[in-house]
Amino acid sequence: MIRFFNTLSGKIEEFQPIKEGEVRLYTCGPTVYDYAHLGNYRAYVFEDLLKRFLLFYGYKVIHVMNITDVDDKTIRGANEQGLSLNDYTKKYIEAFFEDVRVLRLLPADYYPRATEHIPDMVRMIKGLLEKGYAYVKDGSVYFSLAKFPNYGRLSKINLEDLKAGVRIEADEYEKESVHDFALWKKAKEGEPYWETEIGPGRPGWHIECSAMSTRYLGPTFDIHCGGIDNIFPHHENEIAQSEAFYGQKFVNYWLHCHHLIVDGQKMSKSKGNFYTLRDLLARKYDPIDIRYFLLSTHYRKMLNFTFEGLEQARASRQRILDFVYELEHRSLPAGDDPEAEKLSENSLSRFKNELAEDLNISSALAALFDFIREINSRLAQDSLKQTGAKKAREVVYEMDKVLALLPEKKEENLPPEIMEKIELRQKARKEKNFALADRLREELAQQGIVLEDTKEGVRWKKIK
Ligand code: AMP
Ligand code: ZN
């Protein structure tokens, strides 16, 4: 049995997916107005741990992560640099996919982009207007909080001071400003806009996630994740929009990770106290040590960023690497080793059980390190035999399906634009847009990349 802390109920609950054996997961993705920083990657690494654990547990996972490529921040950035929105965000989208690969985050099944889903958003906003949950004011459309009595259940916000009909235009705001929020912002001088049935304009940030999540996962799905800063107003607004539009529960389990902090403050762009992955790679940190650092503190605890913390992560991961090296390179006596085999099996089930309890990574890692210590002491006493070492190695690799800390088979890296094309083709195939999928396959072939579709996903080969 798996149990998660559900922000909605404020309790640890048994996890039951809607469809047996399958989990539908939505994770709020990057706003591509700059390089993602390590705080963002804390959220993405936590989500990767969750997804890998669900797969390890035997679930099929359908994972959607959006790309916010139109909002207040991307528009401001593009205008400051005198670029079109697309030209401006392209660089950061490519950088994001590069980071995903470097940090070994399992790719999502879909990476929908907001600019490619405007019709889905317009359909929802139109529906909300028709149902009376939304209203037009000076060409913009707002969600009326007074019409949605369940508002505030996720963030447990106090609605006493709410003034009906007072509006807020910005995508991001503090709890002190619980106001009717913008679904659609009317076209403004110097801003990109779309001509639509609800007038010329562009979407508010919150409707983007409601439209893209339900488009791929259905009106009700299993798990929605993000950092705790997303709870209010972003996720609260997503619930209001989606439940008002579809008339049914939006998400069953809400999982939020706590912040990565620096000197007591959330790491964020606006505070300027951030490091990007690139900054740390330039200082010669190994990305997998960074992955270990972000992974190894329970997701609901604050994580303090320090360079000592990164050093400790490096040392801990080295212990795992040294252990595997020993198992692979020591010459050991032949013969059965039932004790070591039993120890291996017990350690693996302890590891699994710890993670099943709200992803208790600290205890799961303790299970791994206890295991390393016990096998090492058998090595020191010369009592470990070949079968014991083989089993021990298998168990560490099994755990590594969740952790992804051991060296991978050396793979040649593809340039990000090729990776993106492969992603796009997978997406086209899933959407049964075979004409586009075939065209992309051909383009890739012309660039020397041959694709092979397997049960585990798409594989690529370089042709000489
Ligand atoms: P953004 O690009 O700002 O929309 O953020 C993308 C994701 O990163 C969201 O899920 C945020 O909650 C998360 N996030 C941003 N800053 C931090 C931080 N310092 N610690 C943990 N998660 C964060
Ligand atoms: Zn979102």
# chains A, B, ... in the order shown; residues from 1 in each chain; ligands from 1
call {"tool": "closest_atom_pairs", "arguments": {"of": "chain A", "to": "ligand 2", "cutoff": "8 Å", "atoms": "only C-alpha atoms and all ligand atoms", "output": "Markdown table"}}
result
| residue | atom | partner | partner_atom_place_in_ligand_line | distance |
| --- | --- | --- | --- | --- |
| A:Thr27 | CA | ligand 2 | 1 (Zn) | 7.1 |
| A:Cys28 | CA | ligand 2 | 1 (Zn) | 4.0 |
| A:Gly29 | CA | ligand 2 | 1 (Zn) | 6.6 |
| A:Asn66 | CA | ligand 2 | 1 (Zn) | 7.3 |
| A:Trp205 | CA | ligand 2 | 1 (Zn) | 7.7 |
| A:His206 | CA | ligand 2 | 1 (Zn) | 6.5 |
| A:Glu208 | CA | ligand 2 | 1 (Zn) | 7.3 |
| A:Cys209 | CA | ligand 2 | 1 (Zn) | 4.7 |
| A:Ser210 | CA | ligand 2 | 1 (Zn) | 7.7 |
| A:Gly226 | CA | ligand 2 | 1 (Zn) | 7.6 |
| A:Asn230 | CA | ligand 2 | 1 (Zn) | 7.4 |
| A:His234 | CA | ligand 2 | 1 (Zn) | 6.5 |
| A:His235 | CA | ligand 2 | 1 (Zn) | 6.9 |
| A:Glu238 | CA | ligand 2 | 1 (Zn) | 7.8 |
call {"tool": "residues_near_ligand", "arguments": {"ligand": "ligand 1", "cutoff": "8 Å", "atoms": "only C-alpha atoms and all ligand atoms", "output": "ChimeraX atom specification"}}
result
/A:27-32,36-44,68,225-230,256-261,266-268
call {"tool": "residues_around", "arguments": {"residues": "Asn376 in chain A", "least_positions_apart": "3", "cutoff": "12 Å", "atoms": "only C-alpha atoms", "output": "ChimeraX atom specification"}}
result
/A:319-320,322-327,330,340,369-373,379-384,388-389,392
call {"tool": "closest_residue", "arguments": {"among": "A:Leu359, A:Leu217, A:Val395, A:Ala428", "to": "Leu54 in chain A", "atoms": "only C-alpha atoms"}}
result
A:Leu359
call {"tool": "select_by_dssp", "arguments": {"residues": "range 87-260 of chain A", "states": "alpha helix (DSSP H)", "output": "count of residues only"}}
result
53
call {"tool": "closest_atom_pairs", "arguments": {"of": "range 247-357 of chain A", "to": "range 75-95 of chain A", "cutoff": "12 Å", "atoms": "only C-alpha atoms", "output": "tab-separated table"}}
result
residue	atom	partner	partner_atom	distance
A:Thr276	CA	A:Ala95	CA	10.8
A:Leu277	CA	A:Ala95	CA	10.1
A:Arg278	CA	A:Ala95	CA	9.5
call {"tool": "select_by_dssp", "arguments": {"residues": "range 85-244 of chain A", "states": "strand (DSSP E)", "output": "PyMOL selection string"}}
result
chain A and resi 134-137+140-143+167-168+180-186+201-203+221-227
call {"tool": "write_last_selection", "arguments": {"atoms": "N, CA, C and O atoms", "output": "mmCIF file, in the first residue's frame"}}
result
data_model
loop_
_atom_site.group_PDB
_atom_site.id
_atom_site.type_symbol
_atom_site.label_atom_id
_atom_site.label_comp_id
_atom_site.auth_asym_id
_atom_site.auth_seq_id
_atom_site.Cartn_x
_atom_site.Cartn_y
_atom_site.Cartn_z
ATOM 1 N N ALA A 134 -18.067 33.175 -14.824
ATOM 2 C CA ALA A 134 -17.118 34.199 -15.263
ATOM 3 C C ALA A 134 -17.889 35.394 -15.812
ATOM 4 O O ALA A 134 -19.067 35.269 -16.164
ATOM 5 N N TYR A 135 -17.233 36.526 -15.855
ATOM 6 C CA TYR A 135 -17.875 37.719 -16.413
ATOM 7 C C TYR A 135 -16.846 38.560 -17.163
ATOM 8 O O TYR A 135 -15.637 38.429 -16.935
ATOM 9 N N VAL A 136 -17.362 39.397 -18.060
ATOM 10 C CA VAL A 136 -16.478 40.242 -18.868
ATOM 11 C C VAL A 136 -16.441 41.634 -18.254
ATOM 12 O O VAL A 136 -17.475 42.160 -17.825
ATOM 13 N N LYS A 137 -15.247 42.196 -18.192
ATOM 14 C CA LYS A 137 -15.131 43.577 -17.716
ATOM 15 C C LYS A 137 -14.061 44.258 -18.576
ATOM 16 O O LYS A 137 -12.905 43.786 -18.611
ATOM 17 N N SER A 140 -11.762 42.074 -20.767
ATOM 18 C CA SER A 140 -11.093 40.925 -20.130
ATOM 19 C C SER A 140 -12.152 40.053 -19.462
ATOM 20 O O SER A 140 -13.259 40.521 -19.172
ATOM 21 N N VAL A 141 -11.794 38.791 -19.223
ATOM 22 C CA VAL A 141 -12.750 37.889 -18.561
ATOM 23 C C VAL A 141 -12.187 37.503 -17.196
ATOM 24 O O VAL A 141 -11.003 37.165 -17.075
ATOM 25 N N TYR A 142 -13.051 37.540 -16.184
ATOM 26 C CA TYR A 142 -12.628 37.220 -14.813
ATOM 27 C C TYR A 142 -13.460 36.082 -14.261
ATOM 28 O O TYR A 142 -14.640 35.922 -14.596
ATOM 29 N N PHE A 143 -12.844 35.319 -13.357
ATOM 30 C CA PHE A 143 -13.566 34.273 -12.637
ATOM 31 C C PHE A 143 -14.165 34.907 -11.385
ATOM 32 O O PHE A 143 -13.473 35.597 -10.636
ATOM 33 N N ARG A 167 -11.228 42.920 -8.608
ATOM 34 C CA ARG A 167 -10.482 42.099 -9.560
ATOM 35 C C ARG A 167 -8.977 42.245 -9.415
ATOM 36 O O ARG A 167 -8.479 43.272 -8.986
ATOM 37 N N ILE A 168 -8.290 41.147 -9.834
ATOM 38 C CA ILE A 168 -6.833 41.210 -9.916
ATOM 39 C C ILE A 168 -6.431 40.760 -11.309
ATOM 40 O O ILE A 168 -6.968 39.807 -11.841
ATOM 41 N N ASP A 180 -11.283 38.279 -7.598
ATOM 42 C CA ASP A 180 -11.642 37.664 -8.869
ATOM 43 C C ASP A 180 -10.406 37.753 -9.763
ATOM 44 O O ASP A 180 -9.786 38.810 -9.864
ATOM 45 N N PHE A 181 -10.038 36.627 -10.362
ATOM 46 C CA PHE A 181 -8.774 36.620 -11.116
ATOM 47 C C PHE A 181 -9.034 36.527 -12.622
ATOM 48 O O PHE A 181 -10.095 36.057 -13.059
ATOM 49 N N ALA A 182 -8.045 36.957 -13.399
ATOM 50 C CA ALA A 182 -8.216 37.046 -14.855
ATOM 51 C C ALA A 182 -8.079 35.686 -15.532
ATOM 52 O O ALA A 182 -7.109 34.962 -15.309
ATOM 53 N N LEU A 183 -9.087 35.343 -16.333
ATOM 54 C CA LEU A 183 -9.024 34.137 -17.163
ATOM 55 C C LEU A 183 -8.464 34.497 -18.534
ATOM 56 O O LEU A 183 -7.743 33.746 -19.160
ATOM 57 N N TRP A 184 -8.872 35.686 -18.994
ATOM 58 C CA TRP A 184 -8.499 36.141 -20.331
ATOM 59 C C TRP A 184 -8.205 37.624 -20.240
ATOM 60 O O TRP A 184 -9.024 38.389 -19.692
ATOM 61 N N LYS A 185 -7.036 38.016 -20.729
ATOM 62 C CA LYS A 185 -6.646 39.426 -20.623
ATOM 63 C C LYS A 185 -6.754 40.067 -21.999
ATOM 64 O O LYS A 185 -6.131 39.574 -22.948
ATOM 65 N N LYS A 186 -7.493 41.119 -22.063
ATOM 66 C CA LYS A 186 -7.739 41.717 -23.387
ATOM 67 C C LYS A 186 -6.436 42.231 -24.014
ATOM 68 O O LYS A 186 -5.492 42.578 -23.299
ATOM 69 N N GLY A 201 -7.093 38.734 -27.288
ATOM 70 C CA GLY A 201 -6.418 38.787 -25.985
ATOM 71 C C GLY A 201 -5.508 37.599 -25.800
ATOM 72 O O GLY A 201 -5.146 36.917 -26.755
ATOM 73 N N ARG A 202 -5.167 37.344 -24.542
ATOM 74 C CA ARG A 202 -4.281 36.212 -24.218
ATOM 75 C C ARG A 202 -4.706 35.642 -22.871
ATOM 76 O O ARG A 202 -5.346 36.331 -22.066
ATOM 77 N N PRO A 203 -4.335 34.358 -22.640
ATOM 78 C CA PRO A 203 -4.839 33.717 -21.415
ATOM 79 C C PRO A 203 -4.127 34.192 -20.160
ATOM 80 O O PRO A 203 -2.978 34.623 -20.217
ATOM 81 N N PHE A 221 -8.312 13.578 -12.624
ATOM 82 C CA PHE A 221 -7.144 12.688 -12.691
ATOM 83 C C PHE A 221 -6.545 12.498 -11.312
ATOM 84 O O PHE A 221 -7.049 13.029 -10.322
ATOM 85 N N ASP A 222 -5.463 11.682 -11.240
ATOM 86 C CA ASP A 222 -5.017 11.187 -9.934
ATOM 87 C C ASP A 222 -4.169 12.171 -9.126
ATOM 88 O O ASP A 222 -4.509 12.486 -7.989
ATOM 89 N N ILE A 223 -3.046 12.597 -9.713
ATOM 90 C CA ILE A 223 -2.094 13.384 -8.905
ATOM 91 C C ILE A 223 -1.698 14.670 -9.627
ATOM 92 O O ILE A 223 -1.455 14.668 -10.833
ATOM 93 N N HIS A 224 -1.651 15.743 -8.875
ATOM 94 C CA HIS A 224 -1.187 17.030 -9.389
ATOM 95 C C HIS A 224 -0.104 17.508 -8.428
ATOM 96 O O HIS A 224 -0.304 17.500 -7.225
ATOM 97 N N CYS A 225 1.040 17.916 -8.991
ATOM 98 C CA CYS A 225 2.171 18.327 -8.141
ATOM 99 C C CYS A 225 2.652 19.730 -8.455
ATOM 100 O O CYS A 225 2.396 20.268 -9.525
ATOM 101 N N GLY A 226 3.451 20.237 -7.561
ATOM 102 C CA GLY A 226 4.143 21.513 -7.743
ATOM 103 C C GLY A 226 4.850 21.846 -6.439
ATOM 104 O O GLY A 226 4.817 21.053 -5.487
ATOM 105 N N GLY A 227 5.474 23.002 -6.393
ATOM 106 C CA GLY A 227 6.062 23.461 -5.141
ATOM 107 C C GLY A 227 4.972 24.122 -4.292
ATOM 108 O O GLY A 227 3.910 24.476 -4.818
#
call {"tool": "closest_residue", "arguments": {"among": "A:Lys462, A:His63, A:Ser344, A:Lys271", "to": "Gln446 in chain A", "atoms": "only C-alpha atoms"}}
result
A:Lys462
call {"tool": "residues_around", "arguments": {"residues": "Asp263 in chain A", "least_positions_apart": "5", "cutoff": "12 Å", "atoms": "only C-alpha atoms", "output": "short mmCIF file (atom, residue, chain, number, x, y, z; two decimals) with all heavy atoms, in the first residue's frame"}}
result
data_model
loop_
_atom_site.label_atom_id
_atom_site.label_comp_id
_atom_site.auth_asym_id
_atom_site.auth_seq_id
_atom_site.Cartn_x
_atom_site.Cartn_y
_atom_site.Cartn_z
N LYS A 271 14.28 37.24 -6.02
CA LYS A 271 15.17 37.61 -4.90
C LYS A 271 16.63 37.64 -5.35
O LYS A 271 17.50 38.12 -4.63
CB LYS A 271 15.00 36.63 -3.75
CG LYS A 271 13.61 36.69 -3.14
CD LYS A 271 13.60 36.16 -1.72
CE LYS A 271 12.20 36.23 -1.14
NZ LYS A 271 11.32 35.19 -1.69
N ASN A 273 18.64 35.30 -5.42
CA ASN A 273 19.49 34.40 -4.62
C ASN A 273 19.54 33.00 -5.23
O ASN A 273 19.43 32.01 -4.54
CB ASN A 273 18.94 34.31 -3.18
CG ASN A 273 17.52 33.78 -3.15
OD1 ASN A 273 16.90 33.59 -4.19
ND2 ASN A 273 17.00 33.53 -1.97
N PHE A 274 19.66 32.93 -6.55
CA PHE A 274 19.54 31.61 -7.18
C PHE A 274 20.80 31.17 -7.91
O PHE A 274 21.65 31.99 -8.27
CB PHE A 274 18.37 31.61 -8.16
CG PHE A 274 18.54 32.55 -9.33
CD1 PHE A 274 19.14 32.10 -10.50
CD2 PHE A 274 18.12 33.87 -9.26
CE1 PHE A 274 19.32 32.95 -11.57
CE2 PHE A 274 18.30 34.74 -10.33
CZ PHE A 274 18.90 34.28 -11.48
N MET A 302 11.84 21.65 4.29
CA MET A 302 12.62 22.70 3.64
C MET A 302 14.01 22.16 3.39
O MET A 302 14.54 21.39 4.19
CB MET A 302 12.75 23.84 4.63
CG MET A 302 12.23 25.14 4.11
SD MET A 302 12.65 26.35 5.33
CE MET A 302 11.07 26.81 5.90
N LEU A 303 14.60 22.55 2.28
CA LEU A 303 15.97 22.12 1.99
C LEU A 303 16.83 23.36 1.85
O LEU A 303 16.51 24.27 1.08
CB LEU A 303 15.98 21.29 0.70
CG LEU A 303 17.35 20.92 0.11
CD1 LEU A 303 18.17 20.08 1.10
CD2 LEU A 303 17.17 20.13 -1.19
N ASN A 304 17.90 23.39 2.65
CA ASN A 304 18.76 24.56 2.68
C ASN A 304 19.89 24.38 1.68
O ASN A 304 20.61 23.39 1.74
CB ASN A 304 19.30 24.70 4.10
CG ASN A 304 19.90 26.06 4.33
OD1 ASN A 304 19.63 27.00 3.58
ND2 ASN A 304 20.73 26.16 5.36
N PHE A 305 20.05 25.31 0.75
CA PHE A 305 21.13 25.18 -0.22
C PHE A 305 22.44 25.70 0.36
O PHE A 305 22.51 26.85 0.77
CB PHE A 305 20.82 25.95 -1.51
CG PHE A 305 21.98 25.90 -2.46
CD1 PHE A 305 22.14 24.81 -3.29
CD2 PHE A 305 22.93 26.90 -2.49
CE1 PHE A 305 23.24 24.71 -4.13
CE2 PHE A 305 24.04 26.82 -3.34
CZ PHE A 305 24.18 25.72 -4.16
N THR A 306 23.45 24.81 0.42
CA THR A 306 24.81 25.26 0.77
C THR A 306 25.79 24.45 -0.07
O THR A 306 25.46 23.35 -0.54
CB THR A 306 25.17 24.99 2.25
OG1 THR A 306 25.07 23.58 2.50
CG2 THR A 306 24.29 25.75 3.22
#
call {"tool": "closest_residue", "arguments": {"among": "A:Pro192, A:Ala170, A:Leu49, A:Ser155", "to": "Gly10 in chain A", "atoms": "only C-alpha atoms"}}
result
A:Ser155
call {"tool": "closest_residue", "arguments": {"among": "A:Leu436, A:Gln386, A:Ala367, A:Leu105", "to": "Phe46 in chain A", "atoms": "only C-alpha atoms"}}
result
A:Leu105
